[in-house]
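**Q** There's a structure below that I have some questions on.
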Amino acid sequence: MRRVRELLLATTNPGKLREIARGLDGIPIELKTLAEFPGLPIAEETGATFAENARQKALHYAGVTDMVALAEDSGFEVDALNREPGIYSARYLGEDATYAERFADIYRRVREAGVRDRGARFVCALAVASDGKTLFETRATVEGALADAPAGPNGFGYDPIFFY
């Protein structure tokens, strides 16, 4: 197995880049980002699960850069909405929708469903790939609840409506 000196963090989300880089802090490896490879074809996300999408992205970006690539797919699931937005979290209501619009729609749908269950979670699947092979995969969840209302200045994405 070759020694890895560089790792491509295969996401364009600045919040995720910060979180992943923080998690890898202290590891003697040079981190690269997709911004350093302008013009790369964008990976398709056609999987039915977070794990499938993470694997697709890792394999794609490893292939087009000839690097070891780490990719993730993550999202927010609300039990009262049959675990939506789920794998469509980043595109929920369309790619141009603001998070405020997404939050308002989630709250509206939960109210209309008349469901008292406020269970919710963040799901993250991560994959590392190189040379056409998936080298590592993992999946984790953080359980919590849909907050009563958006709150808090920290985080990004769906963080303001998640009560941990």
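Each chain of the structure tokens is named A, B, ... in the order shown, its residues numbered from 1; ligands are numbered from 1 in display order.
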As a count of residues only, please: the residues near stretch 38-52 of chain A (cut-off 8 Å, only C-alpha atoms, same-chain neighbours under 6 positions excluded).
**A** 15
**Q** Can you work out the spacing between atom CA of A:Leu8 and atom CA of A:Leu24 in Å, to one decimal?
**A**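 Atom CA of A:Leu8 sits 12.1 Å away from atom CA of A:Leu24.
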**Q** Enumerate as an MDAnalysis selection string all residues of chain A assigned to alpha helix (DSSP H) by DSSP on the backbone, naming them with the chain letters and numbers the document uses.
**A** chainID A and resid 14:23 50:65 99:113
**Q** Could you give me, as an MDAnalysis selection string, the residues within 12 Å of stretch 92-103 of chain A, counting only C-alpha atoms and dropping anything in the same chain fewer than 2 positions from it?
**A** chainID A and resid 75:78 84:90 105:110 146:151 156:162
**Q** Smallest atom-to-atom distance to A:Arg5: which of A:Ala69, A:Val115, A:Leu59, A:Leu17, using only C-alpha atoms?
**A**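 Under the stated criterion, the closest residue is A:Ala69.
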**Q** What is the distance between atom CA of A:Asp131 and atom CA of A:Lys16, in Å to one decimal?
**A**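 If I compute the distance from atom CA of A:Asp131 to atom CA of A:Lys16, I get 24.2 Å.
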